[in-house]
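Undergrad: Next up is a structure, given as structure tokens.
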Amino acid sequence: MERLHWDQFIVPGHEPLLPESWETTKALLQIAAKHGVIHSIITNGTYLADHTDELVALDADVLVSIDASNPDEHDQMRRTPGAFETAIMGIKAF
């Protein structure tokens with residue numbers, strides 16, 4: 001297997017687990033995995049529970065961005081009520 005000349009591949013932008021982003025994200029992670037490159041995503045956790053099995057199968061590292069330890073502050077920063085709880089549920093699923 002040919003190894004790429006880089007050590008790690010990270011998908012950090014926008015939200016890689018959005019329904020409209022997931023197929024591209026998955027394809028990029030698959031390419032990195034095929035070439036033996038450490039691969040990961042950075043997510044806000046909103047869709048993490050929906051993709052846990054696929055991410056585990058891809059052996060992808062997952063970093064979850066939590067904006068505050070207080071749920072209300074996190075939700076306010078994300079401008080989305082329930083965002084903190086959804087992220088925590090995704091972490092627990094993963």
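Simple scheme: letters A, B, ... for chains in structure tokens order, numbers from 1 for residues in each chain, numbers from 1 for ligands in the order shown.
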List the neighbours of region 76-78 of chain A out to 8 Å using only C-alpha atoms; skip same-chain residues closer than 4 positions along the sequence, and give me the result as an mmCIF file with N, CA and C atoms, in the first residue's frame.
TA:
data_model
loop_
_atom_site.group_PDB
_atom_site.id
_atom_site.type_symbol
_atom_site.label_atom_id
_atom_site.label_comp_id
_atom_site.auth_asym_id
_atom_site.auth_seq_id
_atom_site.Cartn_x
_atom_site.Cartn_y
_atom_site.Cartn_z
ATOM 1 N N ASP A 67 -18.287 24.717 23.457
ATOM 2 C CA ASP A 67 -17.972 26.137 23.634
ATOM 3 C C ASP A 67 -18.018 26.622 25.071
ATOM 4 N N ASP A 72 -26.318 26.291 29.154
ATOM 5 C CA ASP A 72 -26.987 27.509 28.679
ATOM 6 C C ASP A 72 -26.019 28.413 27.913
ATOM 7 N N ALA A 83 -28.300 22.523 21.946
ATOM 8 C CA ALA A 83 -27.058 22.128 21.259
ATOM 9 C C ALA A 83 -26.108 21.391 22.195
#
Undergrad: List every residue of chain A that DSSP, applied to the backbone of this structure, assigns to alpha helix (DSSP H), and report them as a tab-separated table (two decimals) with N, CA, C and O atoms, in the first residue's frame.
TA:
chain	number	residue	atom	x	y	z
A	22	TRP	N	-21.74	14.97	4.64
A	22	TRP	CA	-21.26	13.69	5.10
A	22	TRP	C	-20.62	12.84	4.00
A	22	TRP	O	-19.57	12.25	4.21
A	23	GLU	N	-21.21	12.74	2.83
A	23	GLU	CA	-20.65	11.87	1.79
A	23	GLU	C	-19.25	12.32	1.39
A	23	GLU	O	-18.36	11.49	1.18
A	24	THR	N	-19.02	13.62	1.29
A	24	THR	CA	-17.69	14.14	0.98
A	24	THR	C	-16.73	13.87	2.12
A	24	THR	O	-15.59	13.42	1.91
A	25	THR	N	-17.17	14.13	3.34
A	25	THR	CA	-16.35	13.86	4.52
A	25	THR	C	-15.94	12.40	4.56
A	25	THR	O	-14.77	12.06	4.75
A	26	LYS	N	-16.91	11.51	4.38
A	26	LYS	CA	-16.65	10.08	4.43
A	26	LYS	C	-15.65	9.67	3.34
A	26	LYS	O	-14.72	8.90	3.61
A	27	ALA	N	-15.82	10.19	2.14
A	27	ALA	CA	-14.90	9.86	1.04
A	27	ALA	C	-13.48	10.30	1.37
A	27	ALA	O	-12.51	9.55	1.12
A	28	LEU	N	-13.32	11.49	1.94
A	28	LEU	CA	-11.99	11.98	2.31
A	28	LEU	C	-11.36	11.11	3.40
A	28	LEU	O	-10.17	10.79	3.33
A	29	LEU	N	-12.15	10.73	4.39
A	29	LEU	CA	-11.64	9.87	5.46
A	29	LEU	C	-11.25	8.50	4.92
A	29	LEU	O	-10.24	7.92	5.34
A	30	GLN	N	-12.03	7.98	3.99
A	30	GLN	CA	-11.71	6.69	3.38
A	30	GLN	C	-10.39	6.74	2.62
A	30	GLN	O	-9.59	5.80	2.69
A	31	ILE	N	-10.16	7.81	1.89
A	31	ILE	CA	-8.90	7.97	1.15
A	31	ILE	C	-7.73	8.01	2.11
A	31	ILE	O	-6.72	7.33	1.91
A	32	ALA	N	-7.86	8.80	3.17
A	32	ALA	CA	-6.78	8.88	4.17
A	32	ALA	C	-6.52	7.52	4.80
A	32	ALA	O	-5.36	7.10	4.94
A	33	ALA	N	-7.59	6.82	5.17
A	33	ALA	CA	-7.44	5.50	5.80
A	33	ALA	C	-6.76	4.52	4.84
A	33	ALA	O	-5.87	3.75	5.24
A	34	LYS	N	-7.15	4.55	3.59
A	34	LYS	CA	-6.58	3.65	2.58
A	34	LYS	C	-5.06	3.84	2.46
A	34	LYS	O	-4.33	2.89	2.20
A	48	LEU	N	-23.25	13.67	15.51
A	48	LEU	CA	-22.30	12.62	15.85
A	48	LEU	C	-22.98	11.27	16.10
A	48	LEU	O	-22.52	10.24	15.60
A	49	ALA	N	-24.07	11.26	16.81
A	49	ALA	CA	-24.76	10.00	17.09
A	49	ALA	C	-25.24	9.32	15.80
A	49	ALA	O	-25.27	8.10	15.71
A	50	ASP	N	-25.57	10.13	14.78
A	50	ASP	CA	-26.05	9.58	13.51
A	50	ASP	C	-24.95	8.85	12.73
A	50	ASP	O	-25.26	8.02	11.87
A	51	HIS	N	-23.69	9.19	13.00
A	51	HIS	CA	-22.58	8.65	12.20
A	51	HIS	C	-21.56	7.86	13.00
A	51	HIS	O	-20.50	7.52	12.50
A	52	THR	N	-21.89	7.54	14.25
A	52	THR	CA	-20.95	6.85	15.12
A	52	THR	C	-20.46	5.54	14.53
A	52	THR	O	-19.25	5.30	14.47
A	53	ASP	N	-21.35	4.70	14.06
A	53	ASP	CA	-20.94	3.40	13.53
A	53	ASP	C	-19.99	3.54	12.34
A	53	ASP	O	-18.99	2.82	12.24
A	54	GLU	N	-20.30	4.47	11.45
A	54	GLU	CA	-19.45	4.67	10.27
A	54	GLU	C	-18.08	5.22	10.66
A	54	GLU	O	-17.06	4.80	10.10
A	55	LEU	N	-18.06	6.15	11.61
A	55	LEU	CA	-16.79	6.72	12.05
A	55	LEU	C	-15.93	5.68	12.74
A	55	LEU	O	-14.72	5.64	12.55
A	56	VAL	N	-16.55	4.81	13.53
A	56	VAL	CA	-15.82	3.73	14.19
A	56	VAL	C	-15.26	2.78	13.13
A	56	VAL	O	-14.10	2.38	13.18
A	57	ALA	N	-16.08	2.43	12.14
A	57	ALA	CA	-15.63	1.54	11.06
A	57	ALA	C	-14.47	2.15	10.28
A	57	ALA	O	-13.58	1.43	9.81
A	71	PRO	N	-24.31	24.39	29.99
A	71	PRO	CA	-25.17	24.16	28.83
A	71	PRO	C	-25.84	25.42	28.27
A	71	PRO	O	-25.92	25.59	27.06
A	72	ASP	N	-26.32	26.29	29.15
A	72	ASP	CA	-26.99	27.51	28.68
A	72	ASP	C	-26.02	28.41	27.91
A	72	ASP	O	-26.38	28.98	26.88
A	73	GLU	N	-24.79	28.54	28.41
A	73	GLU	CA	-23.80	29.37	27.72
A	73	GLU	C	-23.42	28.75	26.38
A	73	GLU	O	-23.29	29.47	25.38
A	74	HIS	N	-23.24	27.44	26.36
A	74	HIS	CA	-22.92	26.75	25.11
A	74	HIS	C	-24.03	26.99	24.09
A	74	HIS	O	-23.76	27.36	22.94
A	75	ASP	N	-25.28	26.77	24.49
A	75	ASP	CA	-26.41	26.95	23.59
A	75	ASP	C	-26.50	28.39	23.10
A	75	ASP	O	-26.82	28.64	21.92
A	76	GLN	N	-26.23	29.34	23.99
A	76	GLN	CA	-26.27	30.75	23.60
A	76	GLN	C	-25.18	31.05	22.57
A	76	GLN	O	-25.43	31.74	21.57
A	77	MET	N	-23.98	30.52	22.79
A	77	MET	CA	-22.89	30.75	21.84
A	77	MET	C	-23.19	30.10	20.49
A	77	MET	O	-22.84	30.64	19.45
A	78	ARG	N	-23.85	28.95	20.50
A	78	ARG	CA	-24.20	28.25	19.27
A	78	ARG	C	-25.49	28.79	18.65
A	78	ARG	O	-25.86	28.43	17.55
A	83	ALA	N	-28.30	22.52	21.95
A	83	ALA	CA	-27.06	22.13	21.26
A	83	ALA	C	-26.11	21.39	22.20
A	83	ALA	O	-25.47	20.41	21.80
A	84	PHE	N	-26.00	21.85	23.44
A	84	PHE	CA	-25.10	21.20	24.40
A	84	PHE	C	-25.53	19.76	24.64
A	84	PHE	O	-24.72	18.84	24.55
A	85	GLU	N	-26.81	19.57	24.92
A	85	GLU	CA	-27.32	18.22	25.22
A	85	GLU	C	-27.16	17.30	24.01
A	85	GLU	O	-26.80	16.14	24.15
A	86	THR	N	-27.40	17.84	22.80
A	86	THR	CA	-27.23	17.03	21.59
A	86	THR	C	-25.77	16.61	21.43
A	86	THR	O	-25.48	15.45	21.08
A	87	ALA	N	-24.84	17.53	21.68
A	87	ALA	CA	-23.41	17.19	21.59
A	87	ALA	C	-23.03	16.13	22.62
A	87	ALA	O	-22.31	15.18	22.30
A	88	ILE	N	-23.52	16.27	23.83
A	88	ILE	CA	-23.22	15.29	24.88
A	88	ILE	C	-23.79	13.93	24.51
A	88	ILE	O	-23.14	12.89	24.70
A	89	MET	N	-24.99	13.89	23.95
A	89	MET	CA	-25.58	12.62	23.52
A	89	MET	C	-24.71	11.98	22.42
A	89	MET	O	-24.52	10.76	22.41
A	90	GLY	N	-24.20	12.81	21.51
A	90	GLY	CA	-23.32	12.29	20.47
A	90	GLY	C	-22.04	11.72	21.03
A	90	GLY	O	-21.58	10.66	20.60
A	91	ILE	N	-21.46	12.40	22.02
A	91	ILE	CA	-20.24	11.92	22.66
A	91	ILE	C	-20.51	10.58	23.33
A	91	ILE	O	-19.72	9.63	23.21
A	92	LYS	N	-21.61	10.49	24.04
A	92	LYS	CA	-21.95	9.23	24.73
A	92	LYS	C	-22.18	8.10	23.72
A	92	LYS	O	-21.78	6.96	23.96
A	93	ALA	N	-22.79	8.41	22.59
A	93	ALA	CA	-23.03	7.39	21.55
A	93	ALA	C	-21.72	6.92	20.96
A	93	ALA	O	-21.55	5.74	20.66
Undergrad: In Å, rounded to a single decimal, give me how far CA of Ile41 (chain A) is from CA of Gln8 (chain A).
TA: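 About the pair CA of Gln8 (chain A) and CA of Ile41 (chain A): they are 10.9 Å apart.
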Undergrad: Using only C-alpha atoms, which of the listed residues (A:Trp6, A:Val11, A:Asn44, A:His35) sits closest to Ala68 (chain A)?
TA: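 Answer, going by the shortest atom-to-atom distance: A:Asn44.
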Undergrad: What parts of chain A does DSSP call strand (DSSP E or B)? I'd like the answer as a ChimeraX atom specification.
TA: /A:8-11,38-43,61-64
Undergrad: Determine the nearest neighbour of Thr80 (chain A) from the options A:Thr46, A:Ser40, A:Ser21, A:Ser65, counting only C-alpha atoms.
TA: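 Of A:Thr46, A:Ser40, A:Ser21, A:Ser65, the one nearest Thr80 (chain A), counting only C-alpha atoms, is A:Thr46.
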Undergrad: If you measure from CA of Glu15 (chain A) to CA of Val62 (chain A), what distance in Å do you get, rounded to one decimal?
TA: 12.4 Å
Undergrad: In Å, how far is it from CA of His39 (chain A) to CA of Phe94 (chain A)?
TA: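 Result for CA of His39 (chain A) versus CA of Phe94 (chain A): 16.0 Å, one decimal.
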